[in-house]
>>> print(open('coords07.tsv').read())   # TSV, N, CA and C atoms
chain	number	residue	atom	x	y	z
N	1	MET	N	91.18	105.97	110.59
N	1	MET	CA	89.77	105.90	110.86
N	1	MET	C	89.49	105.07	112.09
N	2	SER	N	90.46	104.89	112.86
N	2	SER	CA	90.31	104.12	114.07
N	2	SER	C	89.29	104.78	114.99
N	3	GLY	N	88.44	103.97	115.60
N	3	GLY	CA	87.46	104.51	116.52
N	3	GLY	C	86.11	104.81	115.89
N	4	ASP	N	86.01	104.77	114.57
N	4	ASP	CA	84.72	104.98	113.92
N	4	ASP	C	83.87	103.73	114.10
N	5	ASN	N	82.65	103.92	114.51
N	5	ASN	CA	81.74	102.80	114.71
N	5	ASN	C	80.54	102.98	113.79
N	6	TYR	N	80.19	101.93	113.11
N	6	TYR	CA	79.03	101.94	112.24
N	6	TYR	C	78.12	100.80	112.66
N	7	TYR	N	76.90	101.10	112.98
N	7	TYR	CA	75.95	100.09	113.43
N	7	TYR	C	74.81	99.99	112.43
N	8	PHE	N	74.52	98.80	112.03
N	8	PHE	CA	73.38	98.54	111.15
N	8	PHE	C	72.51	97.51	111.84
N	9	GLY	N	71.27	97.86	112.10
N	9	GLY	CA	70.39	96.94	112.79
N	9	GLY	C	70.59	97.01	114.28
N	10	ASP	N	70.32	95.91	114.95
N	10	ASP	CA	70.39	95.86	116.40
N	10	ASP	C	71.83	95.79	116.87
N	11	SER	N	72.09	96.43	117.99
N	11	SER	CA	73.39	96.35	118.63
N	11	SER	C	73.15	96.05	120.10
N	12	VAL	N	73.74	94.96	120.59
N	12	VAL	CA	73.54	94.55	121.98
N	12	VAL	C	74.91	94.39	122.62
N	13	THR	N	75.08	95.03	123.77
N	13	THR	CA	76.30	94.88	124.54
N	13	THR	C	75.89	94.42	125.92
N	14	MET	N	76.50	93.31	126.38
N	14	MET	CA	76.17	92.78	127.70
N	14	MET	C	77.44	92.68	128.52
N	15	HIS	N	77.34	93.13	129.76
N	15	HIS	CA	78.48	93.05	130.66
N	15	HIS	C	78.05	92.24	131.87
N	16	GLY	N	78.39	90.98	131.90
N	16	GLY	CA	78.05	90.13	133.03
N	16	GLY	C	76.55	89.85	133.10
N	17	GLY	N	76.08	89.53	134.29
N	17	GLY	CA	74.66	89.25	134.49
N	17	GLY	C	74.41	87.77	134.54
N	18	GLN	N	73.18	87.43	134.85
N	18	GLN	CA	72.78	86.03	134.91
N	18	GLN	C	71.46	85.86	134.18
N	19	GLY	N	71.26	84.70	133.61
N	19	GLY	CA	70.00	84.39	132.94
N	19	GLY	C	69.76	85.20	131.67
N	20	ASN	N	70.80	85.67	131.04
N	20	ASN	CA	70.65	86.40	129.79
N	20	ASN	C	70.29	85.40	128.69
N	21	THR	N	69.08	85.52	128.18
N	21	THR	CA	68.62	84.48	127.25
N	21	THR	C	68.38	84.98	125.83
N	22	GLY	N	68.37	86.22	125.59
N	22	GLY	CA	68.13	86.66	124.22
N	22	GLY	C	67.74	88.12	124.15
N	23	ILE	N	67.16	88.49	123.04
N	23	ILE	CA	66.77	89.87	122.79
N	23	ILE	C	65.29	89.90	122.42
N	24	ILE	N	64.62	90.88	122.92
N	24	ILE	CA	63.22	91.08	122.55
N	24	ILE	C	63.17	92.19	121.51
N	25	LYS	N	62.58	91.90	120.37
N	25	LYS	CA	62.48	92.88	119.30
N	25	LYS	C	61.06	93.44	119.28
N	26	ASN	N	60.96	94.73	119.36
N	26	ASN	CA	59.67	95.40	119.31
N	26	ASN	C	59.59	96.21	118.02
N	27	GLN	N	59.73	95.51	116.93
N	27	GLN	CA	59.71	96.15	115.63
N	27	GLN	C	58.67	95.47	114.77
N	28	SER	N	58.10	96.21	113.86
N	28	SER	CA	57.18	95.60	112.90
N	28	SER	C	57.60	96.00	111.50
N	29	ALA	N	57.23	95.18	110.57
N	29	ALA	CA	57.56	95.46	109.18
N	29	ALA	C	56.73	96.64	108.69
N	30	PRO	N	57.28	97.47	107.84
N	30	PRO	CA	56.49	98.58	107.31
N	30	PRO	C	55.36	98.04	106.43
N	31	ALA	N	54.26	98.75	106.45
N	31	ALA	CA	53.11	98.34	105.64
N	31	ALA	C	53.46	98.42	104.16
N	32	ALA	N	53.01	97.44	103.42
N	32	ALA	CA	53.26	97.44	101.98
N	32	ALA	C	52.48	98.58	101.34
N	33	PRO	N	53.09	99.29	100.42
N	33	PRO	CA	52.40	100.40	99.78
N	33	PRO	C	51.26	99.91	98.89
N	34	VAL	N	50.23	100.71	98.80
N	34	VAL	CA	49.09	100.39	97.94
N	34	VAL	C	49.29	101.13	96.62
N	35	ALA	N	49.19	100.40	95.53
N	35	ALA	CA	49.33	101.02	94.22
N	35	ALA	C	48.18	102.00	93.99
N	36	PRO	N	48.47	103.21	93.55
N	36	PRO	CA	47.41	104.19	93.32
N	36	PRO	C	46.36	103.72	92.31
N	37	GLU	N	46.81	102.94	91.31
N	37	GLU	CA	45.86	102.43	90.32
N	37	GLU	C	44.86	101.48	90.96
N	38	LEU	N	45.35	100.63	91.86
N	38	LEU	CA	44.48	99.68	92.54
N	38	LEU	C	43.50	100.41	93.45
N	39	GLU	N	44.00	101.38	94.17
N	39	GLU	CA	43.14	102.16	95.07
N	39	GLU	C	42.03	102.85	94.29
N	40	ALA	N	42.38	103.45	93.16
N	40	ALA	CA	41.38	104.13	92.32
N	40	ALA	C	40.38	103.13	91.74
N	41	ALA	N	40.86	101.97	91.32
N	41	ALA	CA	39.97	100.96	90.74
N	41	ALA	C	38.99	100.43	91.79
N	42	VAL	N	39.44	100.26	93.01
N	42	VAL	CA	38.55	99.78	94.08
N	42	VAL	C	37.51	100.85	94.40
N	43	ARG	N	37.92	102.12	94.46
N	43	ARG	CA	36.95	103.20	94.71
N	43	ARG	C	35.88	103.24	93.62
N	44	GLU	N	36.30	103.09	92.37
N	44	GLU	CA	35.36	103.10	91.25
N	44	GLU	C	34.40	101.91	91.37
N	45	LEU	N	34.94	100.74	91.69
N	45	LEU	CA	34.11	99.55	91.83
N	45	LEU	C	33.08	99.72	92.94
N	46	VAL	N	33.50	100.23	94.08
N	46	VAL	CA	32.58	100.42	95.20
N	46	VAL	C	31.46	101.39	94.83
N	47	ALA	N	31.80	102.44	94.09
N	47	ALA	CA	30.77	103.40	93.65
N	47	ALA	C	29.78	102.73	92.71
N	48	LEU	N	30.28	101.94	91.77
N	48	LEU	CA	29.40	101.24	90.82
N	48	LEU	C	28.52	100.21	91.52
N	49	VAL	N	29.10	99.49	92.48
N	49	VAL	CA	28.35	98.47	93.21
N	49	VAL	C	27.27	99.13	94.06
N	50	SER	N	27.56	100.28	94.60
N	50	SER	CA	26.55	101.00	95.39
N	50	SER	C	25.35	101.39	94.52
N	51	GLN	N	25.60	101.78	93.29
N	51	GLN	CA	24.51	102.09	92.35
N	51	GLN	C	23.75	100.82	91.97
N	52	LEU	N	24.49	99.75	91.69
N	52	LEU	CA	23.86	98.49	91.30
N	52	LEU	C	22.98	97.94	92.40
N	53	ARG	N	23.40	98.12	93.63
N	53	ARG	CA	22.68	97.58	94.79
N	53	ARG	C	21.21	98.02	94.81
N	54	THR	N	20.95	99.23	94.36
N	54	THR	CA	19.57	99.75	94.37
N	54	THR	C	18.71	99.13	93.27
N	55	GLN	N	19.33	98.40	92.36
N	55	GLN	CA	18.61	97.86	91.20
N	55	GLN	C	18.47	96.34	91.22
N	56	VAL	N	18.81	95.72	92.33
N	56	VAL	CA	18.73	94.26	92.41
N	56	VAL	C	17.76	93.85	93.52
N	57	ALA	N	17.41	92.57	93.52
N	57	ALA	CA	16.50	92.03	94.53
N	57	ALA	C	17.13	92.15	95.93
N	58	PRO	N	16.29	92.18	96.97
N	58	PRO	CA	16.81	92.32	98.33
N	58	PRO	C	17.86	91.27	98.72
N	59	ALA	N	17.68	90.03	98.28
N	59	ALA	CA	18.67	88.99	98.61
N	59	ALA	C	20.02	89.30	97.96
N	60	SER	N	19.98	89.79	96.74
N	60	SER	CA	21.22	90.15	96.05
N	60	SER	C	21.85	91.38	96.69
N	61	ALA	N	21.03	92.33	97.11
N	61	ALA	CA	21.54	93.52	97.79
N	61	ALA	C	22.24	93.12	99.09
N	62	GLN	N	21.67	92.14	99.80
N	62	GLN	CA	22.28	91.66	101.04
N	62	GLN	C	23.62	90.98	100.75
N	63	ALA	N	23.68	90.22	99.67
N	63	ALA	CA	24.94	89.56	99.29
N	63	ALA	C	26.00	90.61	98.94
N	64	ILE	N	25.60	91.68	98.30
N	64	ILE	CA	26.52	92.78	98.00
N	64	ILE	C	27.02	93.40	99.30
N	65	ASP	N	26.08	93.67	100.22
N	65	ASP	CA	26.46	94.26	101.51
N	65	ASP	C	27.44	93.36	102.26
N	66	ASP	N	27.23	92.06	102.17
N	66	ASP	CA	28.12	91.12	102.85
N	66	ASP	C	29.51	91.09	102.21
N	67	SER	N	29.57	91.36	100.91
N	67	SER	CA	30.83	91.29	100.17
N	67	SER	C	31.66	92.56	100.25
N	68	LEU	N	31.02	93.70	100.40
N	68	LEU	CA	31.74	94.98	100.34
N	68	LEU	C	32.88	95.13	101.33
N	69	PRO	N	32.75	94.70	102.58
N	69	PRO	CA	33.88	94.89	103.50
N	69	PRO	C	35.17	94.19	103.05
N	70	ALA	N	35.05	93.12	102.30
N	70	ALA	CA	36.24	92.38	101.86
N	70	ALA	C	36.86	92.97	100.59
N	71	ILE	N	36.14	93.86	99.93
N	71	ILE	CA	36.65	94.47	98.69
N	71	ILE	C	37.44	95.70	99.08
N	72	THR	N	38.74	95.55	99.10
N	72	THR	CA	39.62	96.60	99.58
N	72	THR	C	40.94	96.55	98.83
N	73	ALA	N	41.65	97.67	98.85
N	73	ALA	CA	42.97	97.71	98.24
N	73	ALA	C	44.06	97.37	99.25
N	74	ASP	N	43.68	97.12	100.49
N	74	ASP	CA	44.64	96.82	101.55
N	74	ASP	C	45.41	95.54	101.24
N	75	PRO	N	46.74	95.62	101.10
N	75	PRO	CA	47.52	94.42	100.80
N	75	PRO	C	47.47	93.37	101.90
N	76	ALA	N	47.11	93.77	103.11
N	76	ALA	CA	47.04	92.82	104.22
N	76	ALA	C	45.70	92.08	104.26
N	77	ALA	N	44.76	92.48	103.43
N	77	ALA	CA	43.45	91.82	103.42
N	77	ALA	C	43.62	90.39	102.94
N	78	PRO	N	42.85	89.46	103.54
N	78	PRO	CA	42.95	88.05	103.10
N	78	PRO	C	42.58	87.92	101.62
N	79	ALA	N	43.54	87.50	100.82
N	79	ALA	CA	43.36	87.45	99.37
N	79	ALA	C	42.21	86.53	98.96
N	80	GLN	N	42.06	85.40	99.62
N	80	GLN	CA	41.01	84.46	99.26
N	80	GLN	C	39.62	85.05	99.52
N	81	ARG	N	39.48	85.73	100.65
N	81	ARG	CA	38.19	86.36	100.99
N	81	ARG	C	37.87	87.49	100.01
N	82	ARG	N	38.89	88.29	99.68
N	82	ARG	CA	38.69	89.39	98.73
N	82	ARG	C	38.30	88.85	97.36
N	83	HIS	N	38.97	87.80	96.92
N	83	HIS	CA	38.66	87.21	95.61
N	83	HIS	C	37.23	86.67	95.60
N	84	ALA	N	36.83	85.99	96.65
N	84	ALA	CA	35.46	85.45	96.73
N	84	ALA	C	34.43	86.58	96.70
N	85	ALA	N	34.72	87.67	97.38
N	85	ALA	CA	33.79	88.81	97.39
N	85	ALA	C	33.69	89.44	96.00
N	86	LEU	N	34.81	89.58	95.33
N	86	LEU	CA	34.79	90.13	93.97
N	86	LEU	C	34.01	89.24	93.02
N	87	MET	N	34.19	87.94	93.14
N	87	MET	CA	33.47	87.00	92.26
N	87	MET	C	31.97	87.02	92.56
N	88	ALA	N	31.60	87.16	93.83
N	88	ALA	CA	30.18	87.23	94.20
N	88	ALA	C	29.54	88.47	93.59
N	89	VAL	N	30.21	89.59	93.69
N	89	VAL	CA	29.68	90.84	93.12
N	89	VAL	C	29.60	90.74	91.60
N	90	ALA	N	30.62	90.16	90.97
N	90	ALA	CA	30.59	90.00	89.51
N	90	ALA	C	29.46	89.09	89.08
N	91	GLY	N	29.20	88.04	89.85
N	91	GLY	CA	28.11	87.12	89.52
N	91	GLY	C	26.76	87.80	89.60
N	92	ILE	N	26.56	88.60	90.62
N	92	ILE	CA	25.29	89.33	90.75
N	92	ILE	C	25.16	90.31	89.60
N	93	ALA	N	26.23	91.03	89.29
N	93	ALA	CA	26.19	92.01	88.20
N	93	ALA	C	25.90	91.35	86.86
N	94	ALA	N	26.44	90.17	86.65
N	94	ALA	CA	26.24	89.47	85.39
N	94	ALA	C	24.78	89.03	85.21
N	95	THR	N	24.10	88.76	86.31
N	95	THR	CA	22.71	88.29	86.19
N	95	THR	C	21.74	89.39	85.82
N	96	VAL	N	22.12	90.64	86.00
N	96	VAL	CA	21.19	91.74	85.68
N	96	VAL	C	21.45	92.32	84.30
N	97	GLY	N	22.33	91.72	83.54
N	97	GLY	CA	22.53	92.11	82.15
N	97	GLY	C	23.32	93.39	81.97
N	98	ALA	N	22.85	94.23	81.04
N	98	ALA	CA	23.57	95.44	80.64
N	98	ALA	C	23.78	96.40	81.81
N	99	VAL	N	22.85	96.43	82.74
N	99	VAL	CA	22.96	97.32	83.89
N	99	VAL	C	24.18	96.96	84.73
N	100	GLY	N	24.50	95.69	84.81
N	100	GLY	CA	25.61	95.23	85.62
N	100	GLY	C	26.95	95.17	84.89
N	101	GLN	N	26.95	95.40	83.59
N	101	GLN	CA	28.19	95.28	82.80
N	101	GLN	C	29.32	96.17	83.30
N	102	PRO	N	29.06	97.44	83.67
N	102	PRO	CA	30.17	98.24	84.20
N	102	PRO	C	30.78	97.67	85.48
N	103	VAL	N	29.96	97.03	86.29
N	103	VAL	CA	30.48	96.40	87.52
N	103	VAL	C	31.36	95.22	87.17
N	104	VAL	N	30.92	94.40	86.23
N	104	VAL	CA	31.73	93.24	85.80
N	104	VAL	C	33.08	93.72	85.27
N	105	GLU	N	33.08	94.78	84.48
N	105	GLU	CA	34.34	95.31	83.94
N	105	GLU	C	35.22	95.87	85.05
N	106	ALA	N	34.62	96.53	86.03
N	106	ALA	CA	35.40	97.07	87.16
N	106	ALA	C	35.99	95.94	88.00
N	107	VAL	N	35.24	94.88	88.21
N	107	VAL	CA	35.76	93.73	88.95
N	107	VAL	C	36.94	93.11	88.20
N	108	ASN	N	36.80	92.96	86.89
N	108	ASN	CA	37.90	92.41	86.10
N	108	ASN	C	39.14	93.28	86.17
N	109	LYS	N	38.95	94.60	86.21
N	109	LYS	CA	40.08	95.52	86.32
N	109	LYS	C	40.79	95.35	87.66
N	110	VAL	N	40.01	95.26	88.75
N	110	VAL	CA	40.60	95.07	90.07
N	110	VAL	C	41.32	93.73	90.14
N	111	LEU	N	40.69	92.69	89.62
N	111	LEU	CA	41.34	91.37	89.62
N	111	LEU	C	42.65	91.41	88.85
N	112	GLY	N	42.67	92.10	87.73
N	112	GLY	CA	43.88	92.23	86.94
N	112	GLY	C	44.99	92.96	87.70
N	113	LEU	N	44.61	94.01	88.42
N	113	LEU	CA	45.61	94.76	89.20
N	113	LEU	C	46.12	93.96	90.39
N	114	LEU	N	45.27	93.05	90.90
N	114	LEU	CA	45.68	92.21	92.00
N	114	LEU	C	46.50	91.00	91.54
N	115	GLY	N	46.51	90.78	90.22
N	115	GLY	CA	47.23	89.64	89.68
N	115	GLY	C	46.44	88.35	89.81
N	116	SER	N	45.14	88.45	89.94
N	116	SER	CA	44.30	87.25	90.09
N	116	SER	C	43.80	86.76	88.76
>>> encode(input="coords07.tsv", output="structure tokens")
Amino acid sequence: MSGDNYYFGDSVTMHGGQGNTGIIKNQSAPAAPVAPELEAAVRELVALVSQLRTQVAPASAQAIDDSLPAITADPAAPAQRRHAALMAVAGIAATVGAVGQPVVEAVNKVLGLLGS
């Protein structure tokens, strides 16, 4: 098997030269996959929050609008910001009683899937 070459990862061959200082890597890590259950739960939550928004005071509707961009299934999203947005939406939903109960349950489901 002489002469067989197997390369794993980067392979650099240098023949002479001056000022050779290193290697530049132009690679990025693959995006983490999104769990289908989490994606579906976030879609359901956003739909419920959109319905709830029409039934709350303007200040609460604005708080919902401010929170929605952070409510995402994207694993790269800042976890602390997403958690704060979910808690804000759950708090608003809890104040409106039975009308908001499905939103509170959806938030709890998303939090559970996120491991929060």
>>> atom_distance(input="coords07.tsv", atom1="atom N of Arg53 of chain N", atom2="atom CA of Val34 of chain N")
26.1 Å
>>> atom_distance(input="coords07.tsv", atom1="atom CA of Arg82 of chain N", atom2="atom CA of Pro58 of chain N")
22.1 Å
>>> residues_around(input="coords07.tsv", residues="segment 66-68 of chain N", least_positions_apart="3", cutoff="7 Å", atoms="all atoms listed in the file", output="VMD selection string")
chain N and resid 61 to 63 71 to 72 84 to 86 89
>>> atom_distance(input="coords07.tsv", atom1="atom CA of Ala79 of chain N", atom2="atom CA of Leu52 of chain N")
23.8 Å
>>> residues_around(input="coords07.tsv", residues="segment 94-99 of chain N", least_positions_apart="6", cutoff="12 Å", atoms="only C-alpha atoms", output="NGL selection string")
:N and (48-49 or 51-57 or 60 or 87-88 or 105 or 107)
>>> residues_around(input="coords07.tsv", residues="Ala41 of chain N", least_positions_apart="3", cutoff="7 Å", atoms="only N, CA and C atoms", output="PyMOL selection string")
chain N and resi 36-38+44-46+106+109-110
>>> axis_aligned_box(input="coords07.tsv", around="segment 13-19 of chain N", padding_each_side="4 Å", output="JSON")
{"center_x": 74.1, "center_y": 89.7, "center_z": 129.3, "size_x": 16.7, "size_y": 18.6, "size_z": 19.1}
>>> residues_near_point(input="coords07.tsv", point="(46.4, 95.8, 101.8)", cutoff="10 Å", atoms="only C-alpha atoms", output="PyMOL selection string")
chain N and resi 31-35+39+72-79
